[in-house]
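Below is structure37.txt, which holds compact mmCIF, C-alpha atoms.
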# COMPACT_ATOMS: atom_id res chain seq x y z
CA MET A 1 101.42 127.97 132.77
CA THR A 2 99.97 124.63 133.90
CA LEU A 3 96.93 124.38 136.12
CA ALA A 4 99.10 122.90 138.88
CA SER A 5 101.47 125.86 138.81
CA LYS A 6 98.55 128.29 138.88
CA VAL A 7 97.18 126.63 141.99
CA ALA A 8 100.65 126.55 143.48
CA GLY A 9 100.99 130.26 142.83
CA GLU A 10 97.76 130.97 144.69
CA LEU A 11 98.79 128.81 147.60
CA GLU A 12 102.18 130.43 147.91
CA GLU A 13 100.53 133.69 148.91
CA LEU A 14 98.82 132.18 151.95
CA PRO A 15 99.38 133.97 155.25
CA PRO A 16 100.34 131.88 158.33
CA SER A 17 97.55 129.90 160.00
CA ALA A 18 95.17 130.56 157.14
CA ALA A 19 92.32 128.21 156.34
CA VAL A 20 91.55 127.95 152.66
CA SER A 21 88.71 126.30 150.81
CA LEU A 22 90.12 124.70 147.68
CA GLN A 23 87.21 123.96 145.37
CA VAL A 24 88.22 121.88 142.39
CA GLY A 25 86.39 120.62 139.36
CA VAL A 26 86.30 116.86 139.28
CA ASP A 27 88.70 116.75 136.31
CA TYR A 28 91.31 118.79 138.19
CA TYR A 29 91.39 116.88 141.44
CA LEU A 30 94.76 115.26 140.74
CA ASP A 31 96.24 118.49 139.43
CA ALA A 32 95.28 120.21 142.65
CA ILE A 33 96.81 117.47 144.82
CA ARG A 34 99.95 117.58 142.73
CA ALA A 35 100.20 121.35 143.07
CA ILE A 36 99.79 121.25 146.83
CA VAL A 37 102.33 118.52 147.38
CA ASP A 38 104.75 120.03 144.91
CA ILE A 39 104.71 123.54 146.33
CA TYR A 40 104.61 122.61 149.98
CA ALA A 41 106.45 119.37 150.52
CA SER A 42 108.99 119.61 147.74
CA LYS A 43 109.85 123.27 147.57
CA ARG A 44 109.06 124.81 150.93
CA ASP A 45 110.14 122.15 153.38
CA VAL A 46 106.72 121.93 154.95
CA ASP A 47 105.32 118.82 156.60
CA ILE A 48 101.98 117.97 155.04
CA ILE A 49 99.46 116.11 157.15
CA TYR A 50 97.14 114.65 154.59
CA VAL A 51 93.74 113.64 155.95
CA THR A 52 92.15 111.40 153.39
CA SER A 53 88.63 110.09 153.45
CA THR A 54 88.33 109.84 149.68
CA ILE A 55 90.92 107.35 148.47
CA SER A 56 93.40 105.30 150.47
CA SER A 57 96.75 106.74 151.46
CA GLN A 58 98.46 103.94 149.55
CA ALA A 59 96.62 104.91 146.36
CA ILE A 60 97.68 108.54 146.80
CA LEU A 61 101.27 107.48 147.37
CA ASP A 62 101.14 105.39 144.21
CA ILE A 63 99.84 108.37 142.23
CA LEU A 64 102.56 110.65 143.60
CA LYS A 65 105.17 108.04 142.80
CA ALA A 66 103.89 107.79 139.23
CA LEU A 67 104.12 111.57 138.95
CA GLU A 68 107.66 111.40 140.39
CA ILE A 69 106.76 113.71 143.27
CA ASP A 70 108.68 113.35 146.50
CA SER A 71 106.28 112.15 149.21
CA SER A 72 108.76 111.96 152.08
CA LYS A 73 107.23 115.00 153.81
CA ILE A 74 103.67 113.74 153.62
CA PHE A 75 102.08 111.98 156.56
CA PHE A 76 98.63 110.51 156.29
CA VAL A 77 95.61 110.28 158.50
CA ASP A 78 93.74 107.65 156.54
CA CYS A 79 90.04 107.32 157.36
CA ILE A 80 89.07 105.09 154.50
CA SER A 81 91.44 102.10 154.31
CA HIS A 82 89.99 100.38 157.39
CA THR A 83 86.50 100.80 156.01
CA MET A 84 87.64 99.13 152.80
CA MET A 85 88.97 96.22 154.90
CA GLY A 86 92.48 94.94 154.69
CA THR A 87 94.38 97.68 152.92
CA ALA A 88 96.04 99.07 156.03
CA VAL A 89 99.75 98.32 155.85
CA GLN A 90 101.85 98.06 158.99
CA ASP A 91 104.86 99.89 157.57
CA SER A 92 102.74 102.58 155.98
CA PRO A 93 103.48 106.24 156.81
CA ALA A 94 99.77 106.52 157.62
CA LEU A 95 97.83 106.59 160.86
CA PHE A 96 94.52 104.87 160.40
CA VAL A 97 91.14 105.98 161.65
CA GLU A 98 88.62 103.15 161.64
CA SER A 99 85.86 105.11 159.97
CA PRO A 100 85.17 108.58 158.52
CA THR A 101 82.46 108.84 161.19
CA MET A 102 85.14 109.02 163.90
CA LEU A 103 85.73 112.74 163.46
CA GLU A 104 87.22 113.13 166.93
CA ASN A 105 89.83 110.53 166.04
CA ILE A 106 90.74 112.49 162.91
CA MET A 107 91.50 115.44 165.20
CA LEU A 108 93.46 113.22 167.59
CA LYS A 109 95.60 111.58 164.91
CA THR A 110 96.28 114.97 163.33
CA GLU A 111 97.28 116.36 166.72
CA TYR A 112 99.62 113.42 167.23
CA LEU A 113 101.33 114.00 163.88
CA LEU A 114 101.62 117.73 164.58
CA ARG A 115 103.44 116.89 167.80
CA LYS A 116 105.71 114.36 166.14
CA LYS A 117 106.75 116.39 163.13
CA LYS A 118 109.36 118.99 163.88
CA SER A 119 109.28 121.19 160.77
CA SER A 120 108.62 124.81 161.63
CA GLU A 121 105.87 124.96 159.00
CA LYS A 122 103.01 122.49 158.78
CA LEU A 123 100.00 122.17 156.54
CA VAL A 124 96.90 120.07 157.05
CA LEU A 125 95.10 119.03 153.87
CA LEU A 126 91.58 117.70 154.32
CA ASP A 127 90.58 115.58 151.33
CA SER A 128 87.67 115.95 151.09
CA VAL A 129 84.70 117.54 152.73
CA ASN A 130 82.47 115.76 150.20
CA SER A 131 83.50 112.28 151.27
CA LEU A 132 83.16 113.20 154.95
CA ALA A 133 79.65 114.44 154.16
CA ILE A 134 78.71 110.97 152.89
CA HIS A 135 79.28 109.53 156.35
CA ASN A 136 78.30 112.45 158.61
CA THR A 137 75.38 114.84 159.00
CA ASN A 138 75.90 118.48 158.11
CA TYR A 139 75.38 119.39 161.76
CA VAL A 140 78.23 117.27 163.12
CA LEU A 141 80.42 118.09 160.14
CA SER A 142 79.96 121.78 160.80
CA GLU A 143 80.87 121.29 164.46
CA PHE A 144 83.93 119.26 163.49
CA MET A 145 85.12 121.84 160.97
CA HIS A 146 84.81 124.64 163.46
CA ILE A 147 86.75 122.88 166.22
CA PHE A 148 89.33 121.33 163.89
CA VAL A 149 90.16 124.50 161.96
CA SER A 150 90.14 126.71 165.07
CA SER A 151 92.49 124.31 166.80
CA LEU A 152 94.89 124.25 163.82
CA ARG A 153 94.75 128.01 163.56
CA SER A 154 95.74 128.36 167.21
CA LYS A 155 98.81 126.25 166.46
CA ASP A 156 99.77 128.40 163.44
CA VAL A 157 99.06 125.56 161.07
CA ASN A 158 97.71 126.22 157.58
CA THR A 159 94.62 124.28 156.57
CA LEU A 160 93.45 123.43 153.08
CA ILE A 161 89.97 122.01 152.77
CA LEU A 162 89.39 120.30 149.48
CA SER A 163 85.95 119.99 147.93
CA VAL A 164 84.87 118.78 144.52
CA ILE A 165 82.60 121.37 142.93
CA GLU A 166 80.32 118.92 141.14
CA HIS A 167 79.62 117.01 144.37
CA THR A 168 79.13 119.97 146.67
CA THR A 169 75.78 121.24 147.89
CA PRO A 170 75.18 124.88 148.92
CA GLU A 171 74.85 123.70 152.55
CA LEU A 172 78.25 122.04 152.39
CA ASN A 173 79.76 125.16 150.84
CA ASN A 174 78.35 127.20 153.72
CA ILE A 175 79.93 124.86 156.27
CA VAL A 176 83.35 125.21 154.66
CA ASN A 177 83.12 128.92 153.94
CA LEU A 178 82.21 129.63 157.53
CA VAL A 179 85.61 128.46 158.77
CA CYS A 180 87.80 129.52 155.84
CA ASP A 181 89.53 132.84 155.20
CA SER A 182 89.59 132.49 151.47
CA ILE A 183 88.39 130.38 148.56
CA ILE A 184 90.37 129.14 145.60
CA ARG A 185 88.29 127.70 142.76
CA VAL A 186 90.00 125.47 140.24
CA VAL A 187 87.82 125.18 137.15
CA GLU A 188 88.37 124.78 133.43
CA GLU A 189 89.85 128.23 132.83
CA GLY A 190 92.27 127.86 135.73
CA THR A 191 91.96 129.34 139.19
CA GLN A 192 89.34 131.92 140.18
CA MET B 193 95.85 127.24 179.27
CA LEU B 194 92.54 128.65 180.48
CA ALA B 195 93.02 131.60 182.79
CA MET B 196 91.67 131.72 186.32
CA VAL B 197 89.71 134.78 187.40
CA ASP B 198 92.10 137.56 188.38
CA ASN B 199 93.06 137.73 192.04
CA GLU B 200 91.25 134.52 192.91
CA PRO B 201 93.32 132.62 195.44
CA THR B 202 94.58 129.46 193.77
CA ARG B 203 95.94 126.27 195.23
CA GLU B 204 99.36 125.14 194.20
CA ARG B 205 99.08 122.64 191.35
CA CYS B 206 100.55 119.32 190.50
CA ARG B 207 100.74 119.50 186.72
CA THR B 208 99.92 116.10 185.33
CA GLY B 209 102.04 116.80 182.25
CA ILE B 210 99.10 115.78 180.08
CA ASP B 211 98.49 119.17 178.47
CA ALA B 212 94.81 118.78 177.72
CA LEU B 213 94.03 117.42 181.19
CA ASP B 214 95.94 120.28 182.80
CA ASN B 215 93.84 122.68 180.73
CA ILE B 216 90.64 120.95 181.82
CA LEU B 217 91.80 121.34 185.43
CA TYR B 218 92.87 124.97 184.99
CA GLY B 219 96.51 124.15 185.56
CA GLY B 220 96.62 120.69 187.11
CA ILE B 221 95.48 118.70 190.12
CA PRO B 222 95.50 120.77 193.32
CA LEU B 223 98.63 119.70 195.17
CA SER B 224 98.23 116.76 197.58
CA ASN B 225 94.72 115.89 196.40
CA THR B 226 93.73 112.22 196.22
CA ILE B 227 91.96 111.51 192.93
CA LEU B 228 89.79 108.58 191.98
CA LEU B 229 90.63 107.57 188.42
CA THR B 230 87.75 105.36 187.49
CA GLY B 231 86.40 103.47 184.51
CA SER B 232 85.80 100.07 183.01
CA CYS B 233 88.48 97.89 181.47
CA GLY B 234 90.30 99.12 178.39
CA THR B 235 89.55 102.78 178.96
CA GLY B 236 93.17 103.81 179.51
CA LYS B 237 93.27 104.28 183.28
CA THR B 238 96.64 102.61 183.85
CA SER B 239 98.23 104.36 180.86
CA LEU B 240 97.04 107.77 182.05
CA ALA B 241 98.17 107.08 185.62
CA LEU B 242 101.57 105.92 184.46
CA GLU B 243 101.99 108.97 182.25
CA PHE B 244 101.17 111.16 185.26
CA LEU B 245 104.01 109.48 187.14
CA ILE B 246 106.49 109.60 184.26
CA HIS B 247 105.97 113.34 183.78
CA GLY B 248 106.46 113.81 187.50
CA ALA B 249 109.66 111.78 187.48
CA LEU B 250 110.96 113.70 184.47
CA ASN B 251 110.25 116.86 186.41
CA GLY B 252 112.34 115.64 189.32
CA GLU B 253 109.40 114.61 191.52
CA ARG B 254 109.88 111.11 192.84
CA SER B 255 106.92 109.06 191.68
CA MET B 256 105.70 105.65 192.81
CA PHE B 257 103.39 103.10 191.21
CA LEU B 258 101.86 100.61 193.63
CA SER B 259 100.69 97.71 191.53
CA VAL B 260 98.14 95.42 193.12
CA THR B 261 97.11 92.99 190.41
CA GLU B 262 99.73 93.13 187.69
CA SER B 263 103.45 92.64 188.36
CA SER B 264 105.54 95.72 187.62
CA VAL B 265 107.67 93.69 185.18
CA LYS B 266 104.60 92.80 183.13
CA LEU B 267 103.35 96.35 183.42
CA LEU B 268 106.52 97.72 181.84
CA GLU B 269 106.39 95.14 179.06
CA ASN B 270 102.86 96.15 178.13
CA VAL B 271 103.17 99.87 178.58
CA ILE B 272 102.80 102.14 175.55
CA PRO B 273 106.29 102.98 174.19
CA TYR B 274 106.12 106.60 175.27
CA ASP B 275 108.54 108.87 173.39
CA PHE B 276 109.36 110.62 176.64
CA PHE B 277 109.90 107.52 178.76
CA ASP B 278 113.48 106.99 179.82
CA ARG B 279 114.44 103.78 181.57
CA ASP B 280 116.98 105.78 183.58
CA LEU B 281 114.01 107.14 185.53
CA ILE B 282 113.65 103.68 187.06
CA ASP B 283 117.38 103.08 187.44
CA CYS B 284 117.84 106.37 189.30
CA LYS B 285 114.71 105.65 191.36
CA ASN B 286 112.79 108.71 190.28
CA LEU B 287 110.12 106.29 189.09
CA ILE B 288 109.55 103.48 191.57
CA LEU B 289 107.40 100.46 190.81
CA VAL B 290 106.30 98.42 193.79
CA ASP B 291 104.17 95.28 193.83
CA LEU B 292 101.72 95.61 196.71
CA PRO B 293 101.53 91.82 197.23
CA VAL B 294 105.19 91.99 198.26
CA ILE B 295 104.25 94.50 200.99
CA TYR B 296 101.35 92.25 202.06
CA GLU B 297 103.78 89.39 202.41
CA ARG B 298 106.39 91.39 204.35
CA LEU B 299 103.72 92.58 206.76
CA GLY B 300 102.34 89.08 207.14
CA LEU B 301 98.98 90.15 205.68
CA ILE B 302 98.37 86.83 204.02
CA LYS B 303 94.77 86.20 205.09
CA ALA B 304 92.00 86.66 202.54
CA GLU B 305 90.44 89.44 204.64
CA LEU B 306 92.29 92.05 206.68
CA THR B 307 91.22 93.15 210.14
CA MET B 308 90.80 96.85 210.97
CA GLU B 309 94.18 96.78 212.74
CA GLU B 310 95.82 95.30 209.69
CA VAL B 311 94.26 98.03 207.53
CA GLY B 312 95.99 100.57 209.79
CA LEU B 313 99.25 98.66 209.49
CA LEU B 314 99.02 98.60 205.69
CA VAL B 315 98.30 102.34 205.49
CA HIS B 316 101.19 103.11 207.85
CA SER B 317 103.65 101.07 205.86
CA ILE B 318 102.61 102.77 202.58
CA ILE B 319 102.84 106.24 204.14
CA ASP B 320 106.20 105.37 205.71
CA LEU B 321 107.46 104.28 202.31
CA VAL B 322 106.24 107.53 200.74
CA LYS B 323 107.92 109.58 203.49
CA GLU B 324 111.15 107.62 203.45
CA LEU B 325 111.55 107.86 199.69
CA GLY B 326 110.24 111.42 199.39
CA VAL B 327 107.51 110.40 196.96
CA ARG B 328 105.54 113.32 195.48
CA ARG B 329 103.23 111.37 193.17
CA LEU B 330 101.62 108.06 193.98
CA VAL B 331 99.33 105.75 192.03
CA ILE B 332 97.59 102.73 193.53
CA ASP B 333 96.38 100.44 190.75
CA SER B 334 93.85 99.46 191.76
CA ILE B 335 92.00 100.54 194.88
CA THR B 336 89.33 98.05 193.81
CA SER B 337 91.75 95.15 194.22
CA VAL B 338 92.78 96.48 197.64
CA GLY B 339 89.07 96.67 198.45
CA TYR B 340 88.60 92.98 197.73
CA LYS B 341 91.05 92.28 200.56
CA LEU B 342 89.28 94.67 202.91
CA LYS B 343 85.79 93.37 202.08
CA THR B 344 83.62 95.77 204.09
CA GLN B 345 82.70 99.36 203.29
CA GLU B 346 83.81 100.35 206.79
CA LYS B 347 87.35 99.07 206.25
CA ILE B 348 87.57 100.51 202.74
CA ARG B 349 86.40 103.88 204.06
CA SER B 350 89.01 103.69 206.82
CA PHE B 351 91.77 102.80 204.33
CA ILE B 352 90.98 105.65 201.93
CA LEU B 353 90.51 108.23 204.69
CA LYS B 354 93.77 107.33 206.38
CA ILE B 355 95.82 107.08 203.23
CA SER B 356 94.55 110.34 201.73
CA LYS B 357 95.16 112.15 205.03
CA GLY B 358 98.63 110.69 205.32
CA LEU B 359 99.57 111.50 201.72
CA SER B 360 98.18 115.01 201.98
CA ALA B 361 100.32 115.62 205.07
CA VAL B 362 103.47 114.96 203.05
CA ASP B 363 102.33 116.91 199.95
CA CYS B 364 101.95 113.79 197.88
CA THR B 365 99.40 113.95 195.05
CA SER B 366 97.81 110.60 194.39
CA MET B 367 95.59 108.69 192.02
CA LEU B 368 93.56 105.72 193.14
CA VAL B 369 92.62 103.63 190.12
CA SER B 370 89.11 102.23 190.38
CA GLU B 371 87.58 99.56 188.19
CA VAL B 372 83.88 99.50 187.48
CA PRO B 373 81.91 97.06 185.33
CA PRO B 374 81.10 98.27 181.79
CA GLY B 375 77.81 100.12 181.50
CA THR B 376 77.53 100.90 185.20
CA GLN B 377 76.48 104.35 186.41
CA ALA B 378 78.60 104.04 189.58
CA TYR B 379 82.05 105.54 190.00
CA SER B 380 83.38 102.68 192.11
CA MET B 381 82.82 99.08 193.05
CA PHE B 382 82.25 99.57 196.78
CA MET B 383 80.35 102.87 196.53
CA VAL B 384 82.47 104.67 199.14
CA GLU B 385 85.60 105.53 197.16
CA GLU B 386 84.10 108.48 195.27
CA ALA B 387 82.75 110.25 198.34
CA LEU B 388 86.13 110.17 200.05
CA SER B 389 88.25 111.27 197.10
CA ASP B 390 89.10 114.90 196.37
CA GLY B 391 88.41 114.40 192.70
CA ILE B 392 86.91 111.97 190.22
CA ILE B 393 88.17 111.47 186.70
CA LEU B 394 85.83 109.16 184.84
CA MET B 395 87.11 107.25 181.82
CA GLY B 396 84.78 105.33 179.58
CA ASN B 397 84.16 103.48 176.37
CA MET B 398 81.41 105.07 174.34
CA GLU B 399 79.84 103.20 171.48
CA ARG B 400 78.40 105.43 168.78
CA ARG B 401 77.01 104.02 165.58
CA GLY B 402 79.34 101.03 165.85
CA ASP B 403 82.44 103.11 166.66
CA LEU B 404 84.06 102.66 170.05
CA LEU B 405 85.50 105.87 171.50
CA ARG B 406 87.54 106.28 174.67
CA THR B 407 86.23 109.16 176.74
CA LEU B 408 87.35 111.19 179.76
CA GLN B 409 85.31 113.47 182.02
CA VAL B 410 86.27 115.25 185.22
CA ILE B 411 83.28 114.76 187.51
CA LYS B 412 84.61 116.60 190.52
CA MET B 413 87.86 118.21 191.64
CA ARG B 414 88.09 119.96 194.97
CA GLY B 415 90.19 123.10 195.06
CA THR B 416 89.87 124.18 191.45
CA MET B 417 87.43 125.13 188.76
CA HIS B 418 87.33 122.59 185.97
CA SER B 419 85.55 121.61 182.80
CA ARG B 420 82.85 118.96 183.23
CA ALA B 421 82.56 118.30 179.50
CA LYS B 422 83.23 114.91 178.00
CA TYR B 423 86.37 114.50 175.91
CA VAL B 424 87.53 111.82 173.51
CA LEU B 425 91.00 110.51 174.16
CA ASP B 426 93.70 108.64 172.32
CA LEU B 427 96.61 106.78 173.86
CA THR B 428 99.66 107.56 171.75
CA PRO B 429 103.44 107.37 172.09
CA ALA B 430 103.26 111.15 172.62
CA GLY B 431 101.01 110.51 175.61
CA VAL B 432 97.31 110.92 176.23
CA LEU B 433 95.69 113.30 173.74
CA LEU B 434 92.22 114.74 174.22
CA VAL B 435 89.71 116.53 172.01
CA PRO B 436 86.14 117.61 172.80
CA LEU B 437 83.40 115.08 172.12
CA LEU B 438 81.37 116.38 169.19
CA LYS B 439 77.87 117.02 170.47
CA GLY B 440 76.25 116.44 167.11
CA GLY B 441 77.72 112.96 166.98
CA GLY B 442 75.08 111.60 169.36
CA GLY B 443 75.47 110.33 172.91
CA GLY B 444 76.03 106.64 172.29
CA THR B 445 76.09 104.04 175.00
CA LYS B 446 78.73 102.97 177.48
Reformat the file's structure so that it appears as structure tokens.
Amino acid sequence: MTLASKVAGELEELPPSAAVSLQVGVDYYLDAIRAIVDIYASKRDVDIIYVTSTISSQAILDILKALEIDSSKIFFVDCISHTMMGTAVQDSPALFVESPTMLENIMLKTEYLLRKKKSSEKLVLLDSVNSLAIHNTNYVLSEFMHIFVSSLRSKDVNTLILSVIEHTTPELNNIVNLVCDSIIRVVEEGTQ
Amino acid sequence: MLAMVDNEPTRERCRTGIDALDNILYGGIPLSNTILLTGSCGTGKTSLALEFLIHGALNGERSMFLSVTESSVKLLENVIPYDFFDRDLIDCKNLILVDLPVIYERLGLIKAELTMEEVGLLVHSIIDLVKELGVRRLVIDSITSVGYKLKTQEKIRSFILKISKGLSAVDCTSMLVSEVPPGTQAYSMFMVEEALSDGIILMGNMERRGDLLRTLQVIKMRGTMHSRAKYVLDLTPAGVLLVPLLKGGGGGTK
């Protein structure tokens, strides 16, 4: 069984409106993304709202294309392309937030996509808490997580919060764990 | 929606149709209130006011936009392409756009400054129009521009008092759009508008660490409990969306 299918198996068991902390080793980041997209967008007819503050939405789309994964059910809130200057594309399936410091705008763009997408099931993937922590204090990040996840929960939306184990401090773990129902760790031996 | 205290007598509401704002107002604007919608340029006042009217029109309430500075044709060209906007609303006259300068001209109010009698005449003609067409929601954009034609605080006070009384008598809920210079602490240009309005919705631009956020805050609203917190807003094709301002993000400057 591949790592991606193990992660997918874990995710399939999620109850409605659950918030899950997905902690991945740095070498398994792409496997985790692949598993999420594969299980949700391809097999379960779920709209994925992918909030990226790590790499640009275009780069993620390119990776998914290379892996031959259907990305038609993925809609991006891209908080990093504007900061990198000039990579925002007009025809892109992404909504752009000018900076990862504009946490309220991340909530607003996510809310907009939730309203627009009509699938009965929706998933919000936050990639990643580590990159948001570069631009925001723990205090405001904690406040954001609480409001964001509670709001998604009230709309019966599943939330996956991605963090990279090697880059995560205990304080950051506490912030994420406080709002999540469960933790999935993806390390060398597989999931834990 | 937030629940009112059980058994508390509540005023009938005019739901704005903007979900988050209706939640902030515990169900909507109390029916027939006159609200001052105030803020500096680029804060989203006209978009919010127009959305208020469109939702009303979609709900079968005849709604009227009285445009003072911008022609209604230009207004429609520049309006956000709302998903819920249907041009039929205008064709079937559920949404009526009127240029106030046309009314000025018809009434012969062509002088730079109106007399007190002419203020009365202007108010009467607007109220007559509201009555005749059965308008339930009215926006005047902007009361500041009307004020420039009235000049004195006394005449502006008279205009607002008469128009809010007249609109209230016919169960018309209204928004008076007010422009204030950026960075000002005031809610209006002539300093009388806020005292005479039943409610104040303040919209602003807040700069925080180089980011510019649009904000909304309900300062007062007679006839209902309401949140007084500051919210961040986004103008989208799905309408105005609001989320709470994160307190840990710092206050910023206007």
CA of Tyr28 in chain A to CA of Leu123 in chain A, distance in Å rounded to a single decimal: 20.6 Å
Expected answer as a list in words: chain B residues within 8 Å of chain A, only C-alpha atoms: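 Per the criterion, chain B yields Asp403, Val424, Leu425, Asp426, Thr428, Ala430, Leu433, Leu434, Val435, Pro436, Leu437, Leu438, Lys439, Gly440 and Gly441 of chain B.
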d(CA of Glu386 in chain B, CA of Ile352 in chain B) in Å: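 Interatomic distance, CA of Glu386 in chain B to CA of Ile352 in chain B: 10.0 Å.
Of the listed residues (B:Arg401, B:Gly396, B:Asn286, B:Leu427), B:Asn286 comes nearest to Leu325 in chain B; the distances count all atoms listed in the file.
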Shell of 9 Å around Leu172 in chain A, all atoms listed in the file, local chain residues under 3 positions omitted, as an MDAnalysis selection string: chainID A and resid 129:130 133 138 141:142 168:169 175:177
One-decimal distance in Å that lies between CA of Val432 in chain B and CA of Thr230 in chain B: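 So the two atoms, CA of Thr230 in chain B and CA of Val432 in chain B, lie 15.8 Å apart.
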Which residues are near Lys65 in chain A? Cut-off 12 Å, all atoms listed in the file, ignore same chain within fewer than 6 positions. Put them as an mmCIF file with C-alpha atoms, keeping the file's coordinate frame.
data_model
loop_
_atom_site.group_PDB
_atom_site.id
_atom_site.type_symbol
_atom_site.label_atom_id
_atom_site.label_comp_id
_atom_site.auth_asym_id
_atom_site.auth_seq_id
_atom_site.Cartn_x
_atom_site.Cartn_y
_atom_site.Cartn_z
ATOM 1 C CA ARG A 34 99.950 117.580 142.730
ATOM 2 C CA VAL A 37 102.330 118.520 147.380
ATOM 3 C CA GLN A 58 98.460 103.940 149.550
ATOM 4 C CA ALA A 59 96.620 104.910 146.360
ATOM 5 C CA SER A 71 106.280 112.150 149.210
ATOM 6 C CA SER A 72 108.760 111.960 152.080
#
Point (89.7, 111.0, 150.1), cut-off 9 Å, counting all atoms listed in the file, residues as a list of chain:residue names: A:Val51, A:Thr52, A:Ser53, A:Thr54, A:Ile55, A:Ser56, A:Ser57, A:Ile60, A:Asp78, A:Cys79, A:Ile80, A:Leu126, A:Asp127, A:Ser128, A:Val129, A:Asn130, A:Ser131, A:Leu132
For His135 in chain A, the nearest of the candidates A:Asp27, A:Ala35, A:Pro100, A:Lys155, counting all atoms listed in the file: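 The closest residue to His135 in chain A is A:Pro100.
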Just want the 10 Å neighbourhood of Gln23 in chain A, counted on all atoms listed in the file, with same-chain residues fewer than 4 positions away dropped. Output as a PDB file with C-alpha atoms, in the frame of the given file.
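Once everything was written out, this is selection-v8.pdb:
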ATOM      1  CA  TYR A  28      91.310 118.790 138.190  1.00  0.00           C
ATOM      2  CA  TYR A  29      91.390 116.880 141.440  1.00  0.00           C
ATOM      3  CA  ALA A  32      95.280 120.210 142.650  1.00  0.00           C
ATOM      4  CA  SER A 128      87.670 115.950 151.090  1.00  0.00           C
ATOM      5  CA  LEU A 160      93.450 123.430 153.080  1.00  0.00           C
ATOM      6  CA  ILE A 161      89.970 122.010 152.770  1.00  0.00           C
ATOM      7  CA  LEU A 162      89.390 120.300 149.480  1.00  0.00           C
ATOM      8  CA  SER A 163      85.950 119.990 147.930  1.00  0.00           C
ATOM      9  CA  VAL A 164      84.870 118.780 144.520  1.00  0.00           C
ATOM     10  CA  ILE A 165      82.600 121.370 142.930  1.00  0.00           C
ATOM     11  CA  GLU A 166      80.320 118.920 141.140  1.00  0.00           C
ATOM     12  CA  THR A 168      79.130 119.970 146.670  1.00  0.00           C
ATOM     13  CA  ASN A 173      79.760 125.160 150.840  1.00  0.00           C
ATOM     14  CA  ILE A 183      88.390 130.380 148.560  1.00  0.00           C
ATOM     15  CA  ILE A 184      90.370 129.140 145.600  1.00  0.00           C
ATOM     16  CA  ARG A 185      88.290 127.700 142.760  1.00  0.00           C
ATOM     17  CA  VAL A 186      90.000 125.470 140.240  1.00  0.00           C
ATOM     18  CA  VAL A 187      87.820 125.180 137.150  1.00  0.00           C
ATOM     19  CA  THR A 191      91.960 129.340 139.190  1.00  0.00           C
ATOM     20  CA  GLN A 192      89.340 131.920 140.180  1.00  0.00           C
TER      21      GLN A 192
END
